[in-house]
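File shown: upload-v5.cif (mmCIF, C-alpha atoms).
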data_query
loop_
_atom_site.label_atom_id
_atom_site.label_comp_id
_atom_site.auth_asym_id
_atom_site.auth_seq_id
_atom_site.Cartn_x
_atom_site.Cartn_y
_atom_site.Cartn_z
CA MET A 25 11.43 -15.61 10.78
CA ALA A 26 15.13 -15.53 9.97
CA ASN A 27 15.80 -17.40 6.78
CA ASP A 28 19.33 -18.25 5.72
CA LYS A 29 18.24 -18.87 2.12
CA VAL A 30 17.96 -15.12 1.56
CA LEU A 31 21.42 -13.78 0.75
CA HIS A 32 22.23 -10.39 2.28
CA VAL A 33 24.65 -8.69 -0.09
CA ASN A 34 26.71 -5.52 0.26
CA ASP A 35 28.32 -3.16 -2.26
CA ASP A 36 31.66 -5.02 -2.19
CA GLU A 37 30.13 -8.43 -2.88
CA PHE A 38 27.55 -7.35 -5.43
CA ASP A 39 29.56 -7.92 -8.62
CA ASN A 40 30.82 -11.26 -7.47
CA LYS A 41 27.68 -12.70 -5.90
CA VAL A 42 24.92 -11.21 -8.09
CA VAL A 43 26.30 -9.98 -11.42
CA GLY A 44 28.70 -12.90 -11.71
CA ASN A 45 26.26 -15.55 -10.54
CA SER A 46 25.30 -18.30 -12.97
CA LEU A 47 21.82 -18.45 -11.44
CA PRO A 48 19.17 -15.79 -12.09
CA CYS A 49 19.08 -13.45 -9.12
CA LEU A 50 16.32 -11.33 -7.63
CA VAL A 51 17.59 -8.48 -5.46
CA ASP A 52 15.27 -6.71 -3.04
CA PHE A 53 16.58 -3.19 -2.35
CA TRP A 54 15.17 -2.14 1.01
CA ALA A 55 15.79 0.00 4.09
CA PRO A 56 14.76 -0.24 7.72
CA TRP A 57 12.75 3.02 7.55
CA CYS A 58 10.48 1.75 4.79
CA GLY A 59 7.18 0.20 5.93
CA PRO A 60 6.30 -1.48 2.63
CA CYS A 61 9.82 -2.98 2.50
CA LYS A 62 9.28 -4.62 5.86
CA ALA A 63 5.84 -5.75 4.78
CA ILE A 64 7.17 -7.71 1.80
CA GLY A 65 10.01 -9.20 3.84
CA PRO A 66 8.11 -12.43 4.62
CA VAL A 67 7.17 -12.85 0.94
CA ILE A 68 10.84 -12.55 -0.05
CA GLU A 69 11.70 -15.27 2.47
CA GLU A 70 8.99 -17.53 1.07
CA LEU A 71 10.34 -17.00 -2.45
CA ALA A 72 13.84 -17.91 -1.29
CA GLU A 73 12.46 -21.16 0.10
CA GLU A 74 10.45 -21.87 -3.03
CA PHE A 75 13.16 -21.10 -5.62
CA ASP A 76 16.02 -22.57 -3.59
CA GLY A 77 18.71 -23.76 -6.01
CA LYS A 78 16.95 -22.24 -9.07
CA VAL A 79 16.97 -18.49 -8.39
CA LEU A 80 19.14 -16.64 -5.93
CA ILE A 81 17.01 -14.36 -3.74
CA ALA A 82 19.05 -11.53 -2.26
CA LYS A 83 18.47 -8.39 -0.22
CA MET A 84 20.48 -5.19 -0.10
CA ASN A 85 20.09 -2.55 2.58
CA VAL A 86 20.33 0.75 0.67
CA ASP A 87 21.19 2.66 3.85
CA ASP A 88 24.41 0.71 4.36
CA ASN A 89 25.19 0.31 0.65
CA PRO A 90 24.80 3.50 -1.39
CA ALA A 91 26.95 2.52 -4.40
CA THR A 92 24.89 -0.26 -5.97
CA PRO A 93 21.47 1.49 -5.69
CA GLY A 94 23.10 4.60 -7.19
CA LYS A 95 24.46 2.57 -10.09
CA PHE A 96 20.99 1.23 -10.90
CA GLY A 97 19.28 4.61 -10.45
CA ILE A 98 17.16 3.45 -7.53
CA ARG A 99 15.21 6.32 -6.01
CA ALA A 100 12.27 4.41 -4.60
CA ILE A 101 12.01 1.36 -2.41
CA PRO A 102 11.20 -1.40 -2.25
CA THR A 103 12.66 -1.95 -5.72
CA LEU A 104 13.17 -5.52 -6.88
CA ILE A 105 15.57 -6.10 -9.77
CA LEU A 106 15.86 -9.40 -11.58
CA PHE A 107 19.29 -10.23 -13.00
CA LYS A 108 20.28 -12.97 -15.41
CA ASN A 109 23.85 -13.46 -16.64
CA GLY A 110 24.72 -10.11 -15.12
CA GLU A 111 22.06 -8.22 -17.09
CA VAL A 112 18.93 -6.56 -15.74
CA VAL A 113 15.92 -8.53 -17.01
CA ASP A 114 13.21 -6.41 -15.39
CA LYS A 115 12.30 -4.58 -12.20
CA ILE A 116 9.34 -3.75 -10.01
CA THR A 117 8.96 -0.85 -7.60
CA GLY A 118 6.57 -0.94 -4.66
CA ALA A 119 5.17 -3.57 -2.32
CA VAL A 120 3.58 -5.98 -4.76
CA GLY A 121 1.96 -9.33 -4.08
CA LYS A 122 3.53 -12.74 -4.45
CA ALA A 123 1.80 -13.42 -7.77
CA GLN A 124 3.46 -10.39 -9.37
CA LEU A 125 6.84 -11.48 -8.04
CA HIS A 126 6.27 -14.93 -9.49
CA GLU A 127 5.54 -13.31 -12.82
CA LEU A 128 8.73 -11.30 -12.55
CA ILE A 129 10.91 -14.28 -11.62
CA ASN A 130 9.45 -16.38 -14.44
CA LYS A 131 10.97 -13.93 -16.93
CA ALA A 132 14.38 -15.35 -16.05
CA LEU A 133 13.41 -19.03 -16.07
CA MET B 26 -26.10 -25.34 4.55
CA GLN B 27 -22.39 -25.94 4.60
CA ALA B 28 -19.55 -23.52 4.02
CA ASP B 29 -15.82 -23.44 4.76
CA TYR B 30 -16.16 -20.36 6.94
CA GLN B 31 -18.87 -18.33 8.63
CA LEU B 32 -17.06 -15.15 7.65
CA ILE B 33 -14.34 -14.20 5.18
CA ILE B 34 -12.67 -10.79 5.41
CA ILE B 35 -11.05 -9.54 2.20
CA GLY B 36 -8.10 -7.28 2.94
CA GLY B 37 -5.72 -6.89 5.87
CA GLY B 38 -5.47 -3.15 6.43
CA PRO B 39 -6.79 -1.51 9.61
CA ALA B 40 -10.45 -2.19 8.70
CA GLY B 41 -9.86 -5.87 7.99
CA LEU B 42 -7.68 -6.39 11.06
CA SER B 43 -10.27 -4.70 13.28
CA ALA B 44 -13.05 -6.86 11.83
CA GLY B 45 -10.79 -9.88 12.32
CA LEU B 46 -10.15 -9.00 15.95
CA TYR B 47 -13.87 -8.79 16.69
CA ALA B 48 -14.56 -12.00 14.77
CA ALA B 49 -11.83 -13.96 16.54
CA ARG B 50 -13.05 -12.79 19.93
CA GLY B 51 -16.61 -13.59 18.91
CA ARG B 52 -15.50 -17.15 18.06
CA VAL B 53 -16.81 -16.75 14.53
CA LYS B 54 -15.10 -19.19 12.16
CA THR B 55 -13.28 -16.59 10.12
CA LEU B 56 -10.58 -16.28 7.48
CA LEU B 57 -8.80 -13.06 6.57
CA VAL B 58 -7.43 -13.01 3.02
CA GLU B 59 -4.68 -10.55 2.15
CA LYS B 60 -2.82 -10.35 -1.16
CA GLY B 61 0.46 -8.97 0.15
CA ALA B 62 1.33 -8.45 3.77
CA PRO B 63 -1.05 -6.88 6.30
CA GLY B 64 -1.02 -3.12 6.43
CA GLY B 65 -2.52 -1.47 3.42
CA GLN B 66 -1.99 2.23 2.95
CA VAL B 67 -0.96 2.83 6.56
CA LEU B 68 2.44 1.45 5.54
CA LEU B 69 2.88 4.45 3.26
CA THR B 70 2.52 6.79 6.21
CA ASP B 71 5.56 8.19 7.92
CA TRP B 72 3.92 9.04 11.21
CA VAL B 73 0.43 8.68 12.65
CA ASP B 74 -0.27 11.45 15.15
CA ASN B 75 -4.03 11.14 15.44
CA TYR B 76 -4.61 7.57 16.57
CA PRO B 77 -6.08 7.87 20.06
CA GLY B 78 -3.96 6.35 22.81
CA PHE B 79 -0.64 6.77 21.02
CA ILE B 80 0.23 10.00 22.80
CA GLU B 81 3.56 10.56 21.08
CA GLY B 82 2.33 9.22 17.74
CA VAL B 83 3.35 5.97 16.10
CA SER B 84 4.88 4.93 12.78
CA GLY B 85 2.51 3.39 10.26
CA PHE B 86 4.51 0.20 10.31
CA GLU B 87 4.49 -0.13 14.09
CA LEU B 88 0.76 0.48 14.26
CA ILE B 89 0.14 -2.35 11.79
CA GLU B 90 2.60 -4.60 13.57
CA LYS B 91 0.60 -4.10 16.77
CA MET B 92 -2.76 -4.63 15.05
CA THR B 93 -1.47 -7.85 13.48
CA ALA B 94 -0.06 -9.10 16.78
CA HIS B 95 -3.42 -8.29 18.34
CA VAL B 96 -5.41 -10.51 15.95
CA ASP B 97 -2.75 -13.21 16.28
CA ARG B 98 -3.24 -13.20 20.04
CA PHE B 99 -6.85 -14.26 19.46
CA GLY B 100 -5.91 -16.79 16.80
CA LEU B 101 -7.40 -15.22 13.66
CA GLU B 102 -6.76 -17.46 10.64
CA LYS B 103 -5.03 -15.57 7.80
CA LYS B 104 -4.26 -16.54 4.25
CA PHE B 105 -1.88 -14.70 1.91
CA ALA B 106 -3.28 -14.90 -1.59
CA ALA B 107 -4.92 -12.58 -4.08
CA VAL B 108 -8.66 -12.79 -4.68
CA THR B 109 -9.49 -13.03 -8.36
CA ARG B 110 -13.28 -13.14 -8.24
CA LEU B 111 -16.19 -13.14 -5.80
CA ASP B 112 -19.57 -14.78 -6.05
CA LEU B 113 -21.72 -12.81 -3.59
CA PRO B 114 -25.48 -12.90 -4.21
CA GLY B 115 -26.49 -16.33 -2.84
CA PRO B 116 -26.63 -17.51 0.78
CA VAL B 117 -23.28 -19.26 0.28
CA LYS B 118 -20.65 -16.90 -1.07
CA THR B 119 -17.54 -18.05 -2.93
CA VAL B 120 -14.09 -16.49 -2.89
CA PHE B 121 -11.81 -17.47 -5.78
CA LEU B 122 -8.06 -17.16 -5.16
CA ASP B 123 -5.16 -16.79 -7.59
CA ASN B 124 -3.69 -20.09 -6.35
CA GLY B 125 -6.73 -21.89 -7.72
CA GLU B 126 -8.40 -22.33 -4.34
CA LYS B 127 -12.14 -21.78 -3.93
CA LEU B 128 -13.45 -20.95 -0.47
CA THR B 129 -17.06 -20.67 0.64
CA CYS B 130 -18.58 -18.62 3.44
CA LEU B 131 -21.91 -17.35 4.74
CA SER B 132 -20.93 -13.71 5.18
CA ILE B 133 -18.20 -11.49 3.85
CA ILE B 134 -16.61 -8.16 4.73
CA LEU B 135 -14.99 -6.20 1.91
CA CYS B 136 -11.95 -4.26 3.14
CA THR B 137 -10.02 -3.96 -0.10
CA GLY B 138 -9.05 -0.36 0.55
CA ALA B 139 -7.81 2.26 -1.83
CA ARG B 140 -4.55 3.29 -3.42
CA PRO B 141 -2.93 6.63 -4.26
CA ARG B 142 -4.52 8.47 -7.16
CA LYS B 143 -2.28 9.25 -10.11
CA LEU B 144 -2.07 12.65 -11.73
CA GLY B 145 -2.44 11.24 -15.20
CA VAL B 146 0.11 13.53 -16.83
CA GLU B 147 2.83 12.89 -19.34
CA GLY B 148 6.01 11.48 -17.79
CA GLU B 149 4.32 10.21 -14.63
CA GLU B 150 4.23 6.53 -15.56
CA GLU B 151 7.67 6.44 -17.19
CA LEU B 152 9.40 8.17 -14.29
CA THR B 153 7.70 6.28 -11.45
CA GLY B 154 10.45 5.05 -9.17
CA GLN B 155 12.87 7.49 -10.80
CA GLY B 156 11.68 10.66 -9.18
CA VAL B 157 7.92 10.17 -9.25
CA SER B 158 6.77 8.75 -5.93
CA TYR B 159 3.57 8.11 -4.00
CA CYS B 160 5.31 7.21 -0.72
CA ALA B 161 7.25 9.94 1.09
CA THR B 162 8.30 7.69 3.93
CA CYS B 163 9.77 5.12 1.52
CA ASP B 164 11.57 7.42 -0.83
CA GLY B 165 12.24 10.66 1.08
CA PRO B 166 15.76 9.72 2.15
CA PHE B 167 16.85 9.51 -1.52
CA TYR B 168 16.42 13.29 -1.78
CA LYS B 169 18.94 14.54 0.79
CA GLY B 170 19.96 18.12 -0.02
CA GLN B 171 17.76 18.25 -3.13
CA GLU B 172 14.76 20.29 -4.27
CA ILE B 173 11.50 18.44 -4.69
CA ALA B 174 7.77 19.00 -5.17
CA VAL B 175 4.68 17.69 -3.41
CA VAL B 176 1.36 17.74 -5.23
CA GLY B 177 -1.78 18.09 -3.11
CA GLY B 178 -3.25 20.11 -0.28
CA GLY B 179 -4.89 17.57 2.01
CA ASN B 180 -3.68 16.00 5.24
CA THR B 181 -1.51 13.41 3.53
CA ALA B 182 0.20 15.92 1.25
CA ILE B 183 1.01 18.38 4.03
CA GLN B 184 2.01 15.73 6.57
CA GLU B 185 4.39 14.18 4.07
CA ALA B 186 5.71 17.56 2.86
CA LEU B 187 6.71 18.24 6.47
CA HIS B 188 8.36 14.83 6.68
CA LEU B 189 10.26 15.46 3.44
CA THR B 190 11.85 18.65 4.83
CA LYS B 191 13.98 16.34 7.00
CA PHE B 192 15.80 15.37 3.81
CA ALA B 193 15.21 17.86 1.01
CA ASP B 194 16.52 21.44 1.12
CA LYS B 195 13.35 22.76 -0.42
CA VAL B 196 9.88 21.32 -0.80
CA THR B 197 7.44 23.10 -3.11
CA VAL B 198 3.80 22.25 -2.50
CA ILE B 199 1.80 22.49 -5.72
CA HIS B 200 -1.89 22.89 -4.97
CA ARG B 201 -4.74 23.55 -7.37
CA ARG B 202 -6.73 25.74 -4.94
CA ASP B 203 -5.77 28.89 -3.05
CA GLU B 204 -6.06 27.27 0.38
CA LEU B 205 -5.21 23.95 1.96
CA ARG B 206 -7.68 21.28 3.01
CA ALA B 207 -5.25 19.86 5.58
CA THR B 208 -6.13 20.14 9.26
CA ARG B 209 -5.12 23.38 11.03
CA ILE B 210 -2.19 22.07 13.04
CA LEU B 211 -0.55 20.75 9.87
CA GLN B 212 -1.17 24.03 8.04
CA GLU B 213 0.42 26.00 10.88
CA LYS B 214 3.49 23.75 10.83
CA ALA B 215 3.81 23.96 7.06
CA PHE B 216 3.47 27.75 6.89
CA ALA B 217 6.09 28.09 9.64
CA ASN B 218 8.57 25.76 7.93
CA PRO B 219 11.24 27.75 6.04
CA ARG B 220 11.91 24.82 3.69
CA ILE B 221 8.33 24.68 2.39
CA ASP B 222 7.15 26.90 -0.47
CA PHE B 223 3.71 26.98 -2.04
CA LEU B 224 2.47 27.32 -5.58
CA TRP B 225 -1.25 28.15 -5.35
CA ASN B 226 -3.91 27.68 -8.04
CA ALA B 227 -1.38 25.50 -9.79
CA GLN B 228 -1.54 22.20 -11.61
CA VAL B 229 1.18 19.92 -12.90
CA ARG B 230 1.07 19.66 -16.70
CA LYS B 231 3.98 17.41 -17.40
CA ILE B 232 6.85 15.69 -15.62
CA GLU B 233 10.16 15.73 -17.45
CA GLY B 234 13.38 13.82 -16.94
CA ASP B 235 16.23 11.92 -18.50
CA THR B 236 18.12 8.73 -17.74
CA ASN B 237 18.98 10.14 -14.30
CA GLY B 238 15.30 10.57 -13.49
CA VAL B 239 13.06 13.60 -12.99
CA ASN B 240 14.63 17.03 -13.53
CA LYS B 241 11.67 19.39 -13.87
CA VAL B 242 7.91 19.71 -13.83
CA GLN B 243 5.76 22.01 -15.91
CA VAL B 244 3.24 23.90 -13.78
CA ALA B 245 0.21 25.73 -15.16
CA PHE B 246 -1.63 28.38 -13.15
CA LYS B 247 -5.31 29.29 -13.09
CA ASP B 248 -4.57 32.74 -14.59
CA GLY B 249 -3.14 31.09 -17.69
CA SER B 250 0.53 31.56 -16.89
CA SER B 251 2.95 28.67 -16.51
CA MET B 252 6.44 27.89 -15.28
CA ASP B 253 9.06 25.16 -15.13
CA LEU B 254 10.02 24.04 -11.66
CA ALA B 255 13.44 22.38 -11.40
CA VAL B 256 13.08 19.41 -9.04
CA THR B 257 14.59 15.95 -8.82
CA GLY B 258 11.55 14.39 -7.22
CA ILE B 259 7.79 14.80 -7.22
CA PHE B 260 5.57 13.23 -4.58
CA ILE B 261 1.97 12.85 -5.73
CA LEU B 262 -0.43 12.84 -2.77
CA ILE B 263 -3.80 13.84 -4.22
CA GLY B 264 -6.19 11.36 -2.69
CA VAL B 265 -7.12 7.80 -3.48
CA VAL B 266 -8.94 5.55 -5.93
CA PRO B 267 -10.85 2.42 -4.85
CA ASN B 268 -9.36 -1.07 -5.05
CA ASN B 269 -12.54 -2.43 -6.61
CA GLU B 270 -11.22 -4.44 -9.57
CA ILE B 271 -12.10 -7.82 -8.03
CA LEU B 272 -15.55 -6.74 -6.88
CA PRO B 273 -18.74 -7.46 -8.84
CA LEU B 274 -19.62 -3.80 -9.32
CA GLU B 275 -22.73 -4.56 -11.32
CA GLN B 276 -24.20 -6.38 -8.32
CA LEU B 277 -23.16 -3.92 -5.60
CA GLN B 278 -24.37 -0.40 -5.17
CA VAL B 279 -21.39 1.89 -5.81
CA ASP B 280 -20.91 5.66 -5.98
CA ASP B 281 -19.69 7.59 -9.02
CA ALA B 282 -16.05 7.15 -8.01
CA GLY B 283 -16.43 3.37 -7.58
CA PHE B 284 -16.57 3.19 -3.77
CA ILE B 285 -19.10 0.80 -2.23
CA ILE B 286 -22.24 2.26 -0.73
CA SER B 287 -23.50 0.91 2.60
CA ASN B 288 -25.86 1.96 5.37
CA THR B 289 -24.68 3.01 8.82
CA GLU B 290 -24.42 -0.65 9.86
CA MET B 291 -21.97 -1.33 6.99
CA GLU B 292 -24.46 -3.50 5.10
CA THR B 293 -24.09 -3.35 1.33
CA SER B 294 -26.90 -3.92 -1.14
CA ILE B 295 -26.29 -7.70 -0.94
CA PRO B 296 -27.47 -9.59 2.19
CA GLY B 297 -24.55 -10.95 4.21
CA VAL B 298 -22.04 -8.70 2.45
CA TYR B 299 -20.49 -5.85 4.46
CA VAL B 300 -17.94 -3.16 3.74
CA ALA B 301 -15.41 -1.29 5.91
CA GLY B 302 -12.49 1.08 5.52
CA ASP B 303 -11.31 3.13 2.56
CA ILE B 304 -13.27 1.14 -0.04
CA ARG B 305 -16.52 2.33 1.57
CA SER B 306 -18.24 5.35 0.07
CA LYS B 307 -17.84 8.20 2.59
CA ASN B 308 -16.44 11.65 3.14
CA PHE B 309 -13.49 10.98 5.38
CA ARG B 310 -10.85 8.29 5.14
CA GLN B 311 -9.04 7.97 8.44
CA ILE B 312 -7.43 5.01 10.21
CA VAL B 313 -9.76 5.51 13.16
CA ASN B 314 -12.90 5.33 11.09
CA ALA B 315 -11.57 2.30 9.20
CA VAL B 316 -11.15 0.39 12.46
CA GLY B 317 -14.54 1.60 13.71
CA GLU B 318 -16.22 0.42 10.54
CA GLY B 319 -14.36 -2.90 10.70
CA ALA B 320 -15.78 -3.56 14.16
CA ASN B 321 -19.25 -2.44 13.10
CA ALA B 322 -19.22 -4.60 9.97
CA GLU B 323 -18.18 -7.66 11.95
CA LEU B 324 -20.88 -7.15 14.58
CA SER B 325 -23.46 -6.74 11.81
CA ALA B 326 -22.19 -9.96 10.23
CA GLU B 327 -22.47 -11.76 13.57
CA GLN B 328 -26.04 -10.60 13.94
CA PHE B 329 -26.79 -11.78 10.41
CA LEU B 330 -25.18 -15.17 11.11
CA ALA B 331 -27.13 -15.53 14.37
CA GLY B 332 -30.39 -14.95 12.57
CA ARG B 333 -29.74 -17.89 10.30
CA LYS B 334 -27.86 -20.11 12.72
CA HIS B 335 -30.44 -22.89 12.35
CA GLU B 336 -29.50 -23.38 8.72
CA ALA B 337 -25.81 -22.53 8.87
CA ASP B 338 -23.43 -25.29 9.78
CA PRO B 339 -19.82 -24.49 8.92
CA HIS B 340 -17.75 -27.59 9.45
#
What is this structure when it is put down as structure tokens?
Amino acid sequence: MANDKVLHVNDDEFDNKVVGNSLPCLVDFWAPWCGPCKAIGPVIEELAEEFDGKVLIAKMNVDDNPATPGKFGIRAIPTLILFKNGEVVDKITGAVGKAQLHELINKAL
Amino acid sequence: MQADYQLIIIGGGPAGLSAGLYAARGRVKTLLVEKGAPGGQVLLTDWVDNYPGFIEGVSGFELIEKMTAHVDRFGLEKKFAAVTRLDLPGPVKTVFLDNGEKLTCLSIILCTGARPRKLGVEGEEELTGQGVSYCATCDGPFYKGQEIAVVGGGNTAIQEALHLTKFADKVTVIHRRDELRATRILQEKAFANPRIDFLWNAQVRKIEGDTNGVNKVQVAFKDGSSMDLAVTGIFILIGVVPNNEILPLEQLQVDDAGFIISNTEMETSIPGVYVAGDIRSKNFRQIVNAVGEGANAELSAEQFLAGRKHEADPH
């Protein structure tokens, strides 16, 4: 199920690859110990396929990267934050369905 | 009579996956529809210690992974889409999906499940994800070395309070009665755990916080007194509410809380419509009874389909 269209970002790359990106960017903050995070994994991969070239779909492992989640006050996962021109457009916490993620992404299109 | 499927199962938690397993093995032309990914509420569980056969226990995620692999082994067809509406009364039932698709079937099993109940107090909604949580296994690790609260006194609350002591320095269980409902072995563990404190006969009035998230909760006691409890997180584990929004409640028999009533064979008040798992009106919501009901509902559906085989001809 590996999908190279999902960008795995770390703390060091975040400013450059997400905040500084000219495309809207949806970041899925997740961790390996979180069941709902794993459950939405396939949906995230489908979105990456679907929005290829229009919206950057990225994932950040909060276990390995404490700085960025701290900066955005993340205390629950999965949290999905939508960025556009470096600004937070909106966010969703919890394992939601694809339709809700579509709705979220559309806010940046 | 023609329909797309003999059976459609709505929901891919333990009940739906169990029904799907029986259907696939019974060679019933079946579709399982799930809005997110399979799993349901089991995914919110840190550790399942009461599923027979898993001697050392199993994580909620692993249990679902195995149940999904099990239905895949028998080739169950699955579709990931949200159901928007159901047309149930006639001999051919229609399932409307959010992608515009319309699927027909001759029998249906409702396994839509339940979701965590909210407290309904000030601050809860605003601070969800910023200190208010309904999933200890997801969010526990964010509270390393901190002081937090758990609301509830049932199995889920106590199980997750114990799990949270792996991270938090202190876990205060806020319970509205003077004794726990949780099973004995969990009670014994909780009372023996030096990191767990209890506030009895207590109810949360209000959750307060700032831009950094939750910083305290107001607790009111039965005797009229009250206190502020300084915590950075509050885990609300006070039972469930039914996922019944897509169901035609005026056509089904439901209980006062909105759960679907069935007989012991999982038949609802509509012929050909069955129910299994947490959405079913009952006393106890356990993974093991969800899977038992899933199997029972599917076998009832098979019997129903057999009785009308002469007219049913799914292509």
| What does the distance between CA of Gly179 in chain B and CA of Glu90 in chain B come to in Å, to one decimal place? |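 Taking CA of Gly179 in chain B as the start and CA of Glu90 in chain B as the end point, the length is 26.1 Å.
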| query | Applied to this file, what does the PyMOL selection byres ((chain A) within 12 of (chain B)) return in terms of residues, put as an MDAnalysis selection string? | reply | chainID A and resid 53:68 70 86:87 90 93:104 115:126
| task | Apply the PyMOL selection byres ((chain A and resi 46) around 12) to the structure shown and report the selected residues as JSON, numbers by chain. | result | {"A": [40, 41, 42, 43, 44, 45, 47, 48, 49, 77, 78, 79, 80, 107, 108, 109, 110, 111, 132]}
| How many Å lie between CA of Ser325 in chain B and CA of Ser294 in chain B, rounded to one decimal? |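 Going from CA of Ser325 in chain B over to CA of Ser294 in chain B, I get 13.7 Å.
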| said: If we draw a sphere of 6 Å around (-14.8, -13.6, 8.6), which residues have at least one atom in it when counting only C-alpha atoms? Please report them as a PyMOL selection string. | reply: chain B and resi 32-34+55-56
| How many Å separate CA of Ile80 in chain B from CA of Thr93 in chain B? | 20.2 Å
| Pick from A:Asp28, A:Leu133, A:Leu128, A:Val51 nearest to Thr92 in chain A, counting all atoms listed in the file |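 Among the listed residues, the smallest separation from Thr92 in chain A belongs to A:Val51.
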| said: Would you pick out the contacts of Pro273 in chain B at 7 Å or less, using all atoms listed in the file, so that residues sharing its chain but fewer than 3 positions from it are not included, and give the list as a list in words? | reply: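 My reading of the contact set: Leu111, Gln276 and Leu277 of chain B.
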| query | Between B:Lys127, B:Arg98, B:Lys307, B:Lys247, which one has atoms that come closest to His200 in chain B, using only C-alpha atoms? | reply |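 Result for the nearest residue to His200 in chain B: B:Lys247.
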| query | When the PyMOL selection byres ((chain B and resi 136-149) around 6) is applied to the file above, which residues end up in the set, as a ChimeraX atom specification? | reply | /B:35-36,41,135,150-152,231-233,264-268,301-304
| said: Give me the residues near Asp112 in chain B as a PyMOL selection string, where near means some atom within 10 Å (using all atoms listed in the file) and where sequence neighbours in that chain fewer than 2 positions away do not count. | reply: chain B and resi 110+114-115+117-121+129+272-273+276
| said: I need the residue nearest Ala28 in chain B from this list: B:Ala44, B:Ile263, B:Lys103, B:Leu128. Use all atoms listed in the file for the distance. | reply: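 Ranking B:Ala44, B:Ile263, B:Lys103, B:Leu128 by distance to Ala28 in chain B, first place goes to B:Leu128.
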| said: What's around Ala49 in chain B at 10 Å? Count all atoms listed in the file, leave out sequence neighbours fewer than 2 positions away in its own chain, and write the answer as number ranges by chain. | reply: B: 43-47, 51-56, 96-102
